[in-house]
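Written out below as structure tokens is the structure these notes cover.
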Amino acid sequence: MKDLSEISAAIAEELWQRFRLLAMIIDKADSFVGMAPSGELPEGHVGAQAPPRWLQTLADSPDEVKAIAGDLVLRALRAALEPTNLAILVKLREQPVVSLGDLMQATQVNRLSLGERINDLIQSGLAMKEVQTGQVQGTQAAEAVVDFFQQTRDQLVKRILQKIV
């Protein structure tokens, strides 16, 4: 049984990887902003220096980092704790790699809807999909969320049974 600090650390690590990917995309886009064919800076920029990149400004803004982190955590938890998505994550927790067909059978969700749910879980940092085979696997964050859910549920079952006797 994992404790809460282990669970939150696993989720944070996976969400860090998601943030890192998104930041790389934004940083790459920022590096192309204002690159006119003539090599001139965008209108409104004076001097020889291009505008600062997003990551550079973010490093000086802990409040913005806290807001971004909160958004990433809430998005992951919101996606994970939707009942059908949680059933997908539980199946991924039981088996390291699962085919779409097996997930369709386990969840009784059609292929299109299941694909959209898996995409949501991927975007939230909770799942990965092998492009060539279509197989899906959960991330450490997904395992941590499932563990948290199951531990909390089991504690509630125990408490209810103790109190109603």
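Following the order of the structure tokens, chains are lettered A, B, ..., residues in each are numbered from 1, and ligands are numbered from 1.
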> Could you name the residues that touch region 85-100 of chain A at 10 Å or less, counting only C-alpha atoms, but leaving out those on the same chain fewer than 6 positions away, as a count of residues only?
Replying inline: 34
Closest-contact table, region 57-152 of chain A side, partner region 12-22 of chain A, 7 Å, counting only C-alpha atoms, as CSV:
residue,atom,partner,partner_atom,distance
A:Leu72,CA,A:Leu15,CA,6.8
A:Gly125,CA,A:Arg18,CA,5.9
A:Gln140,CA,A:Glu14,CA,6.6
A:Ala141,CA,A:Glu14,CA,5.6
Residues from last step as file, N, CA and C atoms, as a PDB file, in the first residue's frame:
ATOM      1  N   LEU A  72      -2.777  21.326 -14.360  1.00  0.00           N
ATOM      2  CA  LEU A  72      -2.364  19.989 -14.812  1.00  0.00           C
ATOM      3  C   LEU A  72      -2.870  18.904 -13.869  1.00  0.00           C
ATOM      4  N   GLY A 125      -1.691  12.923 -19.171  1.00  0.00           N
ATOM      5  CA  GLY A 125      -0.499  12.289 -18.627  1.00  0.00           C
ATOM      6  C   GLY A 125      -0.750  10.962 -17.933  1.00  0.00           C
ATOM      7  N   GLN A 140       2.777   5.870 -14.595  1.00  0.00           N
ATOM      8  CA  GLN A 140       2.904   5.787 -13.132  1.00  0.00           C
ATOM      9  C   GLN A 140       1.858   6.656 -12.450  1.00  0.00           C
ATOM     10  N   ALA A 141       1.532   7.776 -13.065  1.00  0.00           N
ATOM     11  CA  ALA A 141       0.493   8.639 -12.495  1.00  0.00           C
ATOM     12  C   ALA A 141      -0.849   7.915 -12.472  1.00  0.00           C
TER      13      ALA A 141
END
>> So that I can check the surroundings of Leu55 (chain A), please list as a list in words every protein, DNA and RNA residue that reaches within 10 Å of it, counting only C-alpha atoms and ignoring chain neighbours fewer than 4 positions away.
In response: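 My list of contacting residues is Ala23, Met24, Ile26, Asp27, Asp30, Ala59, Asp60 and Ser61 of chain A.
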> For the atom pair CA of Gly101 (chain A) and CA of Gln132 (chain A), what is the interatomic distance in Å to one decimal place?
Replying inline: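 A separation of 14.9 Å between them.
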>> Which of region 3-164 of chain A end up as helix (DSSP H, G or I) when DSSP is run on this backbone - answer as JSON, numbers by chain?
In response: {"A": [4, 5, 6, 7, 8, 9, 10, 11, 12, 13, 14, 15, 16, 17, 18, 19, 20, 21, 22, 23, 24, 25, 26, 27, 28, 29, 30, 31, 32, 54, 55, 56, 57, 58, 62, 63, 64, 65, 66, 67, 68, 69, 70, 71, 72, 73, 74, 75, 76, 77, 78, 79, 80, 83, 84, 85, 86, 87, 88, 89, 90, 91, 92, 93, 94, 100, 101, 102, 103, 104, 105, 106, 107, 111, 112, 113, 114, 115, 116, 117, 118, 119, 120, 121, 122, 123, 140, 141, 142, 143, 144, 145, 146, 147, 148, 149, 150, 151, 152, 153, 154, 155, 156, 157, 158, 159, 160, 161, 162, 163]}
> For the atom pair CA of Asp3 (chain A) and CA of Lys158 (chain A), what is the interatomic distance in Å to one decimal place?
Replying inline: 17.7 Å
> Of the candidates A:Gln56, A:Gln123, A:Ser8, A:Thr84, which shows the shortest atom-to-atom distance to Gln108 (chain A), using only C-alpha atoms?
Replying inline: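 Closest residue, counting only C-alpha atoms: A:Thr84.
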